[in-house]
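my_file-v9.pdb, holding PDB, N, CA and C atoms:
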ATOM      1  N   MET A   1      -2.260 -25.329  -0.448
ATOM      2  CA  MET A   1      -2.716 -23.987  -0.742
ATOM      3  C   MET A   1      -3.242 -23.363   0.538
ATOM      4  N   ASP A   2      -2.824 -22.115   0.787
ATOM      5  CA  ASP A   2      -3.319 -21.355   1.928
ATOM      6  C   ASP A   2      -4.313 -20.313   1.430
ATOM      7  N   ILE A   3      -5.386 -20.135   2.186
ATOM      8  CA  ILE A   3      -6.397 -19.128   1.867
ATOM      9  C   ILE A   3      -6.563 -18.241   3.090
ATOM     10  N   VAL A   4      -6.616 -16.931   2.872
ATOM     11  CA  VAL A   4      -6.877 -15.975   3.949
ATOM     12  C   VAL A   4      -8.250 -15.360   3.663
ATOM     13  N   PRO A   5      -9.303 -15.848   4.338
ATOM     14  CA  PRO A   5     -10.638 -15.279   4.119
ATOM     15  C   PRO A   5     -10.668 -13.804   4.514
ATOM     16  N   ASP A   6     -11.316 -12.995   3.702
ATOM     17  CA  ASP A   6     -11.401 -11.563   3.970
ATOM     18  C   ASP A   6     -11.985 -11.302   5.353
ATOM     19  N   ALA A   7     -12.960 -12.101   5.762
ATOM     20  CA  ALA A   7     -13.605 -11.920   7.067
ATOM     21  C   ALA A   7     -12.632 -12.150   8.226
ATOM     22  N   ASP A   8     -11.558 -12.914   7.991
ATOM     23  CA  ASP A   8     -10.586 -13.207   9.045
ATOM     24  C   ASP A   8      -9.436 -12.207   9.101
ATOM     25  N   ALA A   9      -9.297 -11.390   8.057
ATOM     26  CA  ALA A   9      -8.188 -10.441   7.985
ATOM     27  C   ALA A   9      -8.547  -9.176   8.755
ATOM     28  N   GLU A  10      -7.646  -8.746   9.619
ATOM     29  CA  GLU A  10      -7.896  -7.582  10.465
ATOM     30  C   GLU A  10      -7.060  -6.401   9.993
ATOM     31  N   ALA A  11      -7.695  -5.248   9.796
ATOM     32  CA  ALA A  11      -6.987  -4.034   9.386
ATOM     33  C   ALA A  11      -6.233  -3.449  10.574
ATOM     34  N   VAL A  12      -5.039  -2.937  10.288
ATOM     35  CA  VAL A  12      -4.208  -2.276  11.278
ATOM     36  C   VAL A  12      -4.030  -0.836  10.826
ATOM     37  N   GLU A  13      -4.216   0.115  11.744
ATOM     38  CA  GLU A  13      -3.987   1.520  11.399
ATOM     39  C   GLU A  13      -2.498   1.816  11.599
ATOM     40  N   ALA A  14      -1.749   1.813  10.486
ATOM     41  CA  ALA A  14      -0.293   1.976  10.540
ATOM     42  C   ALA A  14       0.092   3.399  10.949
ATOM     43  N   VAL A  15      -0.586   4.388  10.397
ATOM     44  CA  VAL A  15      -0.501   5.797  10.799
ATOM     45  C   VAL A  15      -1.917   6.345  10.671
ATOM     46  N   ASP A  16      -2.152   7.551  11.160
ATOM     47  CA  ASP A  16      -3.501   8.114  11.126
ATOM     48  C   ASP A  16      -4.109   8.028   9.736
ATOM     49  N   GLY A  17      -5.256   7.362   9.634
ATOM     50  CA  GLY A  17      -6.004   7.292   8.389
ATOM     51  C   GLY A  17      -5.482   6.334   7.343
ATOM     52  N   VAL A  18      -4.467   5.542   7.688
ATOM     53  CA  VAL A  18      -3.888   4.571   6.743
ATOM     54  C   VAL A  18      -4.061   3.180   7.342
ATOM     55  N   PHE A  19      -4.887   2.365   6.672
ATOM     56  CA  PHE A  19      -5.237   1.043   7.188
ATOM     57  C   PHE A  19      -4.666  -0.034   6.267
ATOM     58  N   LEU A  20      -3.968  -0.998   6.853
ATOM     59  CA  LEU A  20      -3.354  -2.086   6.109
ATOM     60  C   LEU A  20      -3.941  -3.414   6.570
ATOM     61  N   THR A  21      -4.221  -4.286   5.622
ATOM     62  CA  THR A  21      -4.749  -5.609   5.938
ATOM     63  C   THR A  21      -3.868  -6.641   5.258
ATOM     64  N   GLN A  22      -3.195  -7.444   6.068
ATOM     65  CA  GLN A  22      -2.306  -8.476   5.531
ATOM     66  C   GLN A  22      -3.131  -9.601   4.939
ATOM     67  N   GLY A  23      -2.850  -9.942   3.697
ATOM     68  CA  GLY A  23      -3.492 -11.074   3.046
ATOM     69  C   GLY A  23      -2.573 -12.279   3.089
ATOM     70  N   ALA A  24      -2.638 -13.072   2.063
ATOM     71  CA  ALA A  24      -1.837 -14.291   1.989
ATOM     72  C   ALA A  24      -0.342 -13.957   1.931
ATOM     73  N   VAL A  25       0.441 -14.815   2.561
ATOM     74  CA  VAL A  25       1.896 -14.675   2.571
ATOM     75  C   VAL A  25       2.498 -15.994   2.103
ATOM     76  N   GLY A  26       3.266 -15.924   1.031
ATOM     77  CA  GLY A  26       3.948 -17.106   0.514
ATOM     78  C   GLY A  26       5.429 -17.029   0.825
ATOM     79  N   GLU A  27       6.197 -17.923   0.225
ATOM     80  CA  GLU A  27       7.638 -17.917   0.453
ATOM     81  C   GLU A  27       8.336 -16.826  -0.333
ATOM     82  N   ALA A  28       7.766 -16.400  -1.460
ATOM     83  CA  ALA A  28       8.433 -15.418  -2.313
ATOM     84  C   ALA A  28       7.704 -14.082  -2.397
ATOM     85  N   MET A  29       6.439 -14.021  -1.951
ATOM     86  CA  MET A  29       5.696 -12.765  -2.048
ATOM     87  C   MET A  29       4.556 -12.738  -1.046
ATOM     88  N   SER A  30       3.987 -11.536  -0.872
ATOM     89  CA  SER A  30       2.826 -11.354   0.000
ATOM     90  C   SER A  30       1.924 -10.304  -0.621
ATOM     91  N   ILE A  31       0.653 -10.305  -0.180
ATOM     92  CA  ILE A  31      -0.300  -9.308  -0.656
ATOM     93  C   ILE A  31      -0.901  -8.576   0.533
ATOM     94  N   GLN A  32      -1.127  -7.290   0.343
ATOM     95  CA  GLN A  32      -1.629  -6.443   1.414
ATOM     96  C   GLN A  32      -2.662  -5.474   0.824
ATOM     97  N   ARG A  33      -3.809  -5.388   1.466
ATOM     98  CA  ARG A  33      -4.826  -4.405   1.068
ATOM     99  C   ARG A  33      -4.560  -3.131   1.849
ATOM    100  N   PHE A  34      -4.762  -1.977   1.206
ATOM    101  CA  PHE A  34      -4.621  -0.717   1.926
ATOM    102  C   PHE A  34      -5.816   0.182   1.659
ATOM    103  N   GLU A  35      -6.128   1.004   2.638
ATOM    104  CA  GLU A  35      -7.146   2.035   2.504
ATOM    105  C   GLU A  35      -6.597   3.288   3.164
ATOM    106  N   ILE A  36      -6.681   4.410   2.435
ATOM    107  CA  ILE A  36      -6.175   5.678   2.944
ATOM    108  C   ILE A  36      -7.323   6.680   2.910
ATOM    109  N   ASP A  37      -7.630   7.237   4.070
ATOM    110  CA  ASP A  37      -8.715   8.206   4.184
ATOM    111  C   ASP A  37      -8.373   9.506   3.448
ATOM    112  N   PRO A  38      -9.391  10.270   3.055
ATOM    113  CA  PRO A  38      -9.151  11.551   2.390
ATOM    114  C   PRO A  38      -8.244  12.448   3.233
ATOM    115  N   GLY A  39      -7.242  13.031   2.580
ATOM    116  CA  GLY A  39      -6.327  13.949   3.256
ATOM    117  C   GLY A  39      -5.201  13.292   4.020
ATOM    118  N   ASP A  40      -5.218  11.974   4.148
ATOM    119  CA  ASP A  40      -4.168  11.290   4.911
ATOM    120  C   ASP A  40      -3.079  10.761   3.979
ATOM    121  N   ALA A  41      -1.945  10.363   4.588
ATOM    122  CA  ALA A  41      -0.778  10.016   3.778
ATOM    123  C   ALA A  41       0.072   8.929   4.413
ATOM    124  N   VAL A  42       0.782   8.231   3.550
ATOM    125  CA  VAL A  42       1.839   7.303   3.951
ATOM    126  C   VAL A  42       3.131   8.120   3.910
ATOM    127  N   PRO A  43       3.855   8.214   5.027
ATOM    128  CA  PRO A  43       5.078   9.019   5.023
ATOM    129  C   PRO A  43       6.151   8.408   4.114
ATOM    130  N   GLU A  44       7.105   9.245   3.712
ATOM    131  CA  GLU A  44       8.190   8.726   2.878
ATOM    132  C   GLU A  44       8.914   7.595   3.623
ATOM    133  N   HIS A  45       9.181   6.542   2.897
ATOM    134  CA  HIS A  45       9.862   5.381   3.451
ATOM    135  C   HIS A  45      10.461   4.587   2.295
ATOM    136  N   ASP A  46      11.259   3.620   2.626
ATOM    137  CA  ASP A  46      11.734   2.667   1.622
ATOM    138  C   ASP A  46      11.851   1.309   2.280
ATOM    139  N   HIS A  47      11.964   0.303   1.451
ATOM    140  CA  HIS A  47      12.090  -1.067   1.940
ATOM    141  C   HIS A  47      12.756  -1.880   0.842
ATOM    142  N   PRO A  48      13.345  -3.001   1.189
ATOM    143  CA  PRO A  48      14.056  -3.796   0.180
ATOM    144  C   PRO A  48      13.126  -4.548  -0.776
ATOM    145  N   HIS A  49      11.845  -4.540  -0.491
ATOM    146  CA  HIS A  49      10.881  -5.312  -1.274
ATOM    147  C   HIS A  49      10.495  -4.598  -2.570
ATOM    148  N   GLU A  50      10.435  -5.346  -3.672
ATOM    149  CA  GLU A  50       9.806  -4.820  -4.874
ATOM    150  C   GLU A  50       8.314  -4.769  -4.585
ATOM    151  N   GLN A  51       7.644  -3.705  -5.017
ATOM    152  CA  GLN A  51       6.232  -3.479  -4.705
ATOM    153  C   GLN A  51       5.466  -3.245  -6.001
ATOM    154  N   ILE A  52       4.498  -4.099  -6.252
ATOM    155  CA  ILE A  52       3.628  -3.946  -7.416
ATOM    156  C   ILE A  52       2.212  -3.809  -6.878
ATOM    157  N   GLY A  53       1.447  -2.838  -7.409
ATOM    158  CA  GLY A  53       0.120  -2.612  -6.865
ATOM    159  C   GLY A  53      -0.910  -2.233  -7.900
ATOM    160  N   ILE A  54      -2.155  -2.195  -7.424
ATOM    161  CA  ILE A  54      -3.283  -1.748  -8.219
ATOM    162  C   ILE A  54      -4.206  -0.933  -7.328
ATOM    163  N   ILE A  55      -4.726   0.162  -7.881
ATOM    164  CA  ILE A  55      -5.722   0.967  -7.187
ATOM    165  C   ILE A  55      -7.088   0.457  -7.634
ATOM    166  N   THR A  56      -7.960   0.128  -6.669
ATOM    167  CA  THR A  56      -9.289  -0.389  -7.016
ATOM    168  C   THR A  56     -10.387   0.652  -6.812
ATOM    169  N   GLU A  57     -10.135   1.650  -5.958
ATOM    170  CA  GLU A  57     -11.106   2.725  -5.729
ATOM    171  C   GLU A  57     -10.353   4.015  -5.462
ATOM    172  N   GLY A  58     -10.818   5.117  -6.040
ATOM    173  CA  GLY A  58     -10.230   6.418  -5.780
ATOM    174  C   GLY A  58      -8.951   6.648  -6.568
ATOM    175  N   ALA A  59      -8.140   7.575  -6.065
ATOM    176  CA  ALA A  59      -6.867   7.933  -6.695
ATOM    177  C   ALA A  59      -5.880   8.303  -5.603
ATOM    178  N   ILE A  60      -4.600   8.083  -5.880
ATOM    179  CA  ILE A  60      -3.546   8.377  -4.911
ATOM    180  C   ILE A  60      -2.409   9.091  -5.631
ATOM    181  N   THR A  61      -1.746   9.979  -4.910
ATOM    182  CA  THR A  61      -0.596  10.684  -5.469
ATOM    183  C   THR A  61       0.666  10.131  -4.823
ATOM    184  N   PHE A  62       1.521   9.516  -5.642
ATOM    185  CA  PHE A  62       2.808   9.016  -5.165
ATOM    186  C   PHE A  62       3.864  10.093  -5.384
ATOM    187  N   ALA A  63       4.786  10.212  -4.451
ATOM    188  CA  ALA A  63       5.953  11.079  -4.586
ATOM    189  C   ALA A  63       7.184  10.171  -4.589
ATOM    190  N   VAL A  64       7.913  10.192  -5.708
ATOM    191  CA  VAL A  64       9.111   9.369  -5.870
ATOM    192  C   VAL A  64      10.190  10.240  -6.505
ATOM    193  N   ASP A  65      11.329  10.373  -5.833
ATOM    194  CA  ASP A  65      12.444  11.189  -6.361
ATOM    195  C   ASP A  65      12.015  12.595  -6.743
ATOM    196  N   GLY A  66      11.157  13.225  -5.930
ATOM    197  CA  GLY A  66      10.714  14.579  -6.200
ATOM    198  C   GLY A  66       9.680  14.694  -7.300
ATOM    199  N   ASP A  67       9.285  13.571  -7.889
ATOM    200  CA  ASP A  67       8.297  13.548  -8.963
ATOM    201  C   ASP A  67       6.979  13.033  -8.400
ATOM    202  N   GLU A  68       5.877  13.757  -8.660
ATOM    203  CA  GLU A  68       4.562  13.313  -8.207
ATOM    204  C   GLU A  68       3.799  12.688  -9.369
ATOM    205  N   ARG A  69       3.185  11.533  -9.091
ATOM    206  CA  ARG A  69       2.411  10.817 -10.101
ATOM    207  C   ARG A  69       1.088  10.398  -9.496
ATOM    208  N   VAL A  70      -0.010  10.680 -10.203
ATOM    209  CA  VAL A  70      -1.343  10.288  -9.759
ATOM    210  C   VAL A  70      -1.669   8.922 -10.354
ATOM    211  N   VAL A  71      -2.109   8.004  -9.498
ATOM    212  CA  VAL A  71      -2.502   6.662  -9.911
ATOM    213  C   VAL A  71      -3.984   6.516  -9.583
ATOM    214  N   GLU A  72      -4.790   6.191 -10.597
ATOM    215  CA  GLU A  72      -6.244   6.131 -10.446
ATOM    216  C   GLU A  72      -6.749   4.694 -10.456
ATOM    217  N   ALA A  73      -8.023   4.538 -10.097
ATOM    218  CA  ALA A  73      -8.640   3.203 -10.073
ATOM    219  C   ALA A  73      -8.420   2.499 -11.408
ATOM    220  N   GLY A  74      -7.948   1.256 -11.325
ATOM    221  CA  GLY A  74      -7.668   0.448 -12.506
ATOM    222  C   GLY A  74      -6.213   0.511 -12.931
ATOM    223  N   ASP A  75      -5.465   1.537 -12.470
ATOM    224  CA  ASP A  75      -4.052   1.658 -12.817
ATOM    225  C   ASP A  75      -3.217   0.717 -11.950
ATOM    226  N   THR A  76      -2.132   0.221 -12.529
ATOM    227  CA  THR A  76      -1.157  -0.582 -11.795
ATOM    228  C   THR A  76       0.164   0.178 -11.762
ATOM    229  N   TYR A  77       1.036  -0.215 -10.841
ATOM    230  CA  TYR A  77       2.321   0.467 -10.690
ATOM    231  C   TYR A  77       3.352  -0.499 -10.123
ATOM    232  N   VAL A  78       4.616  -0.128 -10.251
ATOM    233  CA  VAL A  78       5.707  -0.891  -9.634
ATOM    234  C   VAL A  78       6.698   0.102  -9.034
ATOM    235  N   ILE A  79       7.161  -0.225  -7.821
ATOM    236  CA  ILE A  79       8.169   0.575  -7.135
ATOM    237  C   ILE A  79       9.324  -0.376  -6.826
ATOM    238  N   PRO A  80      10.516  -0.100  -7.364
ATOM    239  CA  PRO A  80      11.655  -0.985  -7.104
ATOM    240  C   PRO A  80      12.027  -0.997  -5.619
ATOM    241  N   GLY A  81      12.577  -2.091  -5.157
ATOM    242  CA  GLY A  81      13.077  -2.164  -3.791
ATOM    243  C   GLY A  81      14.127  -1.091  -3.557
ATOM    244  N   GLY A  82      14.117  -0.478  -2.372
ATOM    245  CA  GLY A  82      15.090   0.534  -2.000
ATOM    246  C   GLY A  82      14.751   1.938  -2.485
ATOM    247  N   GLU A  83      13.665   2.112  -3.231
ATOM    248  CA  GLU A  83      13.272   3.422  -3.771
ATOM    249  C   GLU A  83      12.429   4.178  -2.736
ATOM    250  N   PRO A  84      12.917   5.322  -2.211
ATOM    251  CA  PRO A  84      12.103   6.098  -1.274
ATOM    252  C   PRO A  84      10.824   6.596  -1.962
ATOM    253  N   HIS A  85       9.700   6.479  -1.264
ATOM    254  CA  HIS A  85       8.414   6.890  -1.829
ATOM    255  C   HIS A  85       7.439   7.240  -0.713
ATOM    256  N   ALA A  86       6.452   8.067  -1.066
ATOM    257  CA  ALA A  86       5.375   8.462  -0.156
ATOM    258  C   ALA A  86       4.093   8.449  -0.974
ATOM    259  N   ALA A  87       2.941   8.464  -0.285
ATOM    260  CA  ALA A  87       1.660   8.450  -0.986
ATOM    261  C   ALA A  87       0.650   9.279  -0.196
ATOM    262  N   THR A  88      -0.137  10.096  -0.917
ATOM    263  CA  THR A  88      -1.122  10.968  -0.291
ATOM    264  C   THR A  88      -2.459  10.833  -1.005
ATOM    265  N   ASN A  89      -3.526  10.770  -0.217
ATOM    266  CA  ASN A  89      -4.871  10.783  -0.787
ATOM    267  C   ASN A  89      -5.351  12.230  -0.784
ATOM    268  N   ARG A  90      -5.376  12.855  -1.959
ATOM    269  CA  ARG A  90      -5.803  14.259  -2.079
ATOM    270  C   ARG A  90      -7.260  14.384  -2.507
ATOM    271  N   ASP A  91      -7.955  13.261  -2.607
ATOM    272  CA  ASP A  91      -9.355  13.278  -3.024
ATOM    273  C   ASP A  91     -10.293  13.371  -1.824
ATOM    274  N   ASP A  92     -11.587  13.408  -2.126
ATOM    275  CA  ASP A  92     -12.616  13.511  -1.092
ATOM    276  C   ASP A  92     -13.182  12.161  -0.671
ATOM    277  N   GLU A  93     -12.655  11.082  -1.209
ATOM    278  CA  GLU A  93     -13.118   9.741  -0.853
ATOM    279  C   GLU A  93     -11.913   8.854  -0.562
ATOM    280  N   PRO A  94     -12.108   7.776   0.186
ATOM    281  CA  PRO A  94     -10.979   6.887   0.487
ATOM    282  C   PRO A  94     -10.389   6.290  -0.785
ATOM    283  N   VAL A  95      -9.108   6.011  -0.740
ATOM    284  CA  VAL A  95      -8.451   5.277  -1.817
ATOM    285  C   VAL A  95      -8.217   3.858  -1.300
ATOM    286  N   VAL A  96      -8.483   2.877  -2.160
ATOM    287  CA  VAL A  96      -8.319   1.469  -1.802
ATOM    288  C   VAL A  96      -7.465   0.809  -2.873
ATOM    289  N   GLY A  97      -6.572  -0.055  -2.446
ATOM    290  CA  GLY A  97      -5.745  -0.773  -3.397
ATOM    291  C   GLY A  97      -5.099  -1.989  -2.764
ATOM    292  N   TYR A  98      -4.315  -2.669  -3.571
ATOM    293  CA  TYR A  98      -3.595  -3.868  -3.132
ATOM    294  C   TYR A  98      -2.149  -3.760  -3.569
ATOM    295  N   ASP A  99      -1.234  -4.139  -2.682
ATOM    296  CA  ASP A  99       0.189  -4.196  -2.997
ATOM    297  C   ASP A  99       0.680  -5.625  -2.847
ATOM    298  N   ILE A 100       1.513  -6.025  -3.768
ATOM    299  CA  ILE A 100       2.192  -7.321  -3.708
ATOM    300  C   ILE A 100       3.667  -7.022  -3.487
ATOM    301  N   PHE A 101       4.253  -7.669  -2.489
ATOM    302  CA  PHE A 101       5.649  -7.447  -2.131
ATOM    303  C   PHE A 101       6.465  -8.725  -2.346
ATOM    304  N   SER A 102       7.671  -8.540  -2.878
ATOM    305  CA  SER A 102       8.605  -9.652  -3.021
ATOM    306  C   SER A 102       9.985  -9.150  -2.604
ATOM    307  N   PRO A 103      10.611  -9.797  -1.615
ATOM    308  CA  PRO A 103      10.118 -10.900  -0.802
ATOM    309  C   PRO A 103       8.942 -10.464   0.072
ATOM    310  N   PRO A 104       8.297 -11.407   0.777
ATOM    311  CA  PRO A 104       7.126 -11.085   1.594
ATOM    312  C   PRO A 104       7.420  -9.983   2.603
ATOM    313  N   ARG A 105       6.395  -9.186   2.876
ATOM    314  CA  ARG A 105       6.529  -8.077   3.817
ATOM    315  C   ARG A 105       5.387  -8.125   4.831
ATOM    316  N   ALA A 106       5.718  -7.961   6.095
ATOM    317  CA  ALA A 106       4.712  -7.876   7.154
ATOM    318  C   ALA A 106       4.191  -6.447   7.219
ATOM    319  N   ASN A 107       3.050  -6.248   7.883
ATOM    320  CA  ASN A 107       2.512  -4.889   8.076
ATOM    321  C   ASN A 107       3.575  -4.040   8.766
ATOM    322  N   PRO A 108       3.925  -2.869   8.201
ATOM    323  CA  PRO A 108       4.893  -2.008   8.867
ATOM    324  C   PRO A 108       4.252  -1.265  10.032
ATOM    325  N   ASP A 109       5.063  -0.849  10.979
ATOM    326  CA  ASP A 109       4.583  -0.030  12.084
ATOM    327  C   ASP A 109       5.262   1.331  11.968
ATOM    328  N   TRP A 110       4.678   2.217  11.147
ATOM    329  CA  TRP A 110       5.264   3.533  10.932
ATOM    330  C   TRP A 110       5.099   4.417  12.138
ATOM    331  N   GLY A 111       4.251   4.033  13.086
ATOM    332  CA  GLY A 111       4.015   4.857  14.259
ATOM    333  C   GLY A 111       5.170   4.856  15.252
ATOM    334  N   GLU A 112       6.075   3.915  15.106
ATOM    335  CA  GLU A 112       7.208   3.834  16.076
ATOM    336  C   GLU A 112       8.380   4.670  15.628
TER
END
Give the structure from this file in structure tokens form.
Amino acid sequence: MDIVPDADAEAVEAVDGVFLTQGAVGEAMSIQRFEIDPGDAVPEHDHPHEQIGIITEGAITFAVDGDERVVEAGDTYVIPGGEPHAATNRDDEPVVGYDIFSPPRANPDWGE
């Protein structure tokens, strides 16, 4: 069993105001914590990984296929692999959540 202590995990600012922290990585899946500052966004992107997540603080607006959906604290969601999506924090407080990816996914570098 592998354990990734929270104190050892380092947040990476993938784009302005979007912080990702890589958690445990297994052979079939990985977990990543995210925090998005008020007014900041994850640009539209896609990846081959199925993505299942939960919002633990705040609310986030996902844009998928031209449809916007608000996901609030306690809500869970799934985004199929290959589905273009974006996310924006339109609230006045940070949004925090966790995503599980299958197959495992490393922190993306959207800044490049």
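The environment of Ala63 of chain A within 7 Å, counting only C-alpha atoms and disregarding residues fewer than 3 places along the same chain, consists of Gly66, Asp67, Glu68, Arg69, His85, Ala86 and Ala87 of chain A.
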Residues matched by the PyMOL selection byres (((chain A and resi 97 and name CA) around 8) and name CA) as a tab-separated table (two decimals) with N, CA and C atoms, keeping the file's coordinate frame:
chain	number	residue	atom	x	y	z
A	33	ARG	N	-3.81	-5.39	1.47
A	33	ARG	CA	-4.83	-4.40	1.07
A	33	ARG	C	-4.56	-3.13	1.85
A	34	PHE	N	-4.76	-1.98	1.21
A	34	PHE	CA	-4.62	-0.72	1.93
A	34	PHE	C	-5.82	0.18	1.66
A	35	GLU	N	-6.13	1.00	2.64
A	35	GLU	CA	-7.15	2.04	2.50
A	35	GLU	C	-6.60	3.29	3.16
A	53	GLY	N	1.45	-2.84	-7.41
A	53	GLY	CA	0.12	-2.61	-6.86
A	53	GLY	C	-0.91	-2.23	-7.90
A	54	ILE	N	-2.15	-2.19	-7.42
A	54	ILE	CA	-3.28	-1.75	-8.22
A	54	ILE	C	-4.21	-0.93	-7.33
A	55	ILE	N	-4.73	0.16	-7.88
A	55	ILE	CA	-5.72	0.97	-7.19
A	55	ILE	C	-7.09	0.46	-7.63
A	56	THR	N	-7.96	0.13	-6.67
A	56	THR	CA	-9.29	-0.39	-7.02
A	56	THR	C	-10.39	0.65	-6.81
A	57	GLU	N	-10.14	1.65	-5.96
A	57	GLU	CA	-11.11	2.72	-5.73
A	57	GLU	C	-10.35	4.01	-5.46
A	95	VAL	N	-9.11	6.01	-0.74
A	95	VAL	CA	-8.45	5.28	-1.82
A	95	VAL	C	-8.22	3.86	-1.30
A	96	VAL	N	-8.48	2.88	-2.16
A	96	VAL	CA	-8.32	1.47	-1.80
A	96	VAL	C	-7.46	0.81	-2.87
A	98	TYR	N	-4.32	-2.67	-3.57
A	98	TYR	CA	-3.60	-3.87	-3.13
A	98	TYR	C	-2.15	-3.76	-3.57
A	99	ASP	N	-1.23	-4.14	-2.68
A	99	ASP	CA	0.19	-4.20	-3.00
A	99	ASP	C	0.68	-5.62	-2.85
- What residues come out when you apply the PyMOL selection byres ((chain A and resi 100-104) around 6) to this file, written as an MDAnalysis selection string? chainID A and resid 27:32 48:53 98:99 105:106
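For the pair atom N of Val70 of chain A and atom C of Gly82 of chain A, the separation is 18.8 Å.
Remark: for Ile36 of chain A, the closest of the candidate residues A:Asp2, A:Glu83, A:Asp16, A:Glu72 is A:Asp16 (distances computed over only N, CA and C atoms).
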- Message: Please identify the strand (DSSP E or B) residues within segment 56-90 of chain A (assignment by DSSP from backbone atoms) and present them as number ranges by chain.
- Response: A: 56-57, 59-64, 67-72, 76-79, 85-88
Output file for the selection above: N, CA and C atoms, as a tab-separated table (two decimals), in the coordinates of the input:
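Below you can see part16.tsv, which holds the result:
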chain	number	residue	atom	x	y	z
A	56	THR	N	-7.96	0.13	-6.67
A	56	THR	CA	-9.29	-0.39	-7.02
A	56	THR	C	-10.39	0.65	-6.81
A	57	GLU	N	-10.14	1.65	-5.96
A	57	GLU	CA	-11.11	2.72	-5.73
A	57	GLU	C	-10.35	4.01	-5.46
A	59	ALA	N	-8.14	7.58	-6.06
A	59	ALA	CA	-6.87	7.93	-6.70
A	59	ALA	C	-5.88	8.30	-5.60
A	60	ILE	N	-4.60	8.08	-5.88
A	60	ILE	CA	-3.55	8.38	-4.91
A	60	ILE	C	-2.41	9.09	-5.63
A	61	THR	N	-1.75	9.98	-4.91
A	61	THR	CA	-0.60	10.68	-5.47
A	61	THR	C	0.67	10.13	-4.82
A	62	PHE	N	1.52	9.52	-5.64
A	62	PHE	CA	2.81	9.02	-5.16
A	62	PHE	C	3.86	10.09	-5.38
A	63	ALA	N	4.79	10.21	-4.45
A	63	ALA	CA	5.95	11.08	-4.59
A	63	ALA	C	7.18	10.17	-4.59
A	64	VAL	N	7.91	10.19	-5.71
A	64	VAL	CA	9.11	9.37	-5.87
A	64	VAL	C	10.19	10.24	-6.50
A	67	ASP	N	9.28	13.57	-7.89
A	67	ASP	CA	8.30	13.55	-8.96
A	67	ASP	C	6.98	13.03	-8.40
A	68	GLU	N	5.88	13.76	-8.66
A	68	GLU	CA	4.56	13.31	-8.21
A	68	GLU	C	3.80	12.69	-9.37
A	69	ARG	N	3.18	11.53	-9.09
A	69	ARG	CA	2.41	10.82	-10.10
A	69	ARG	C	1.09	10.40	-9.50
A	70	VAL	N	-0.01	10.68	-10.20
A	70	VAL	CA	-1.34	10.29	-9.76
A	70	VAL	C	-1.67	8.92	-10.35
A	71	VAL	N	-2.11	8.00	-9.50
A	71	VAL	CA	-2.50	6.66	-9.91
A	71	VAL	C	-3.98	6.52	-9.58
A	72	GLU	N	-4.79	6.19	-10.60
A	72	GLU	CA	-6.24	6.13	-10.45
A	72	GLU	C	-6.75	4.69	-10.46
A	76	THR	N	-2.13	0.22	-12.53
A	76	THR	CA	-1.16	-0.58	-11.80
A	76	THR	C	0.16	0.18	-11.76
A	77	TYR	N	1.04	-0.22	-10.84
A	77	TYR	CA	2.32	0.47	-10.69
A	77	TYR	C	3.35	-0.50	-10.12
A	78	VAL	N	4.62	-0.13	-10.25
A	78	VAL	CA	5.71	-0.89	-9.63
A	78	VAL	C	6.70	0.10	-9.03
A	79	ILE	N	7.16	-0.22	-7.82
A	79	ILE	CA	8.17	0.57	-7.14
A	79	ILE	C	9.32	-0.38	-6.83
A	85	HIS	N	9.70	6.48	-1.26
A	85	HIS	CA	8.41	6.89	-1.83
A	85	HIS	C	7.44	7.24	-0.71
A	86	ALA	N	6.45	8.07	-1.07
A	86	ALA	CA	5.38	8.46	-0.16
A	86	ALA	C	4.09	8.45	-0.97
A	87	ALA	N	2.94	8.46	-0.28
A	87	ALA	CA	1.66	8.45	-0.99
A	87	ALA	C	0.65	9.28	-0.20
A	88	THR	N	-0.14	10.10	-0.92
A	88	THR	CA	-1.12	10.97	-0.29
A	88	THR	C	-2.46	10.83	-1.00
Kindly resolve the PyMOL selection byres (((chain A and resi 3 and name CA) around 9) and name CA) on the present coordinates and return the residues as an mmCIF file with N, CA and C atoms, in the coordinates of the input.
data_model
loop_
_atom_site.group_PDB
_atom_site.id
_atom_site.type_symbol
_atom_site.label_atom_id
_atom_site.label_comp_id
_atom_site.auth_asym_id
_atom_site.auth_seq_id
_atom_site.Cartn_x
_atom_site.Cartn_y
_atom_site.Cartn_z
ATOM 1 N N MET A 1 -2.260 -25.329 -0.448
ATOM 2 C CA MET A 1 -2.716 -23.987 -0.742
ATOM 3 C C MET A 1 -3.242 -23.363 0.538
ATOM 4 N N ASP A 2 -2.824 -22.115 0.787
ATOM 5 C CA ASP A 2 -3.319 -21.355 1.928
ATOM 6 C C ASP A 2 -4.313 -20.313 1.430
ATOM 7 N N VAL A 4 -6.616 -16.931 2.872
ATOM 8 C CA VAL A 4 -6.877 -15.975 3.949
ATOM 9 C C VAL A 4 -8.250 -15.360 3.663
ATOM 10 N N PRO A 5 -9.303 -15.848 4.338
ATOM 11 C CA PRO A 5 -10.638 -15.279 4.119
ATOM 12 C C PRO A 5 -10.668 -13.804 4.514
ATOM 13 N N GLY A 23 -2.850 -9.942 3.697
ATOM 14 C CA GLY A 23 -3.492 -11.074 3.046
ATOM 15 C C GLY A 23 -2.573 -12.279 3.089
ATOM 16 N N ALA A 24 -2.638 -13.072 2.063
ATOM 17 C CA ALA A 24 -1.837 -14.291 1.989
ATOM 18 C C ALA A 24 -0.342 -13.957 1.931
#
- Item | Residue contacts of Val71 of chain A (6.5 Å, all atoms listed in the file) excluding same-chain residues fewer than 5 positions away, as a PyMOL selection string | chain A and resi 55+58-62
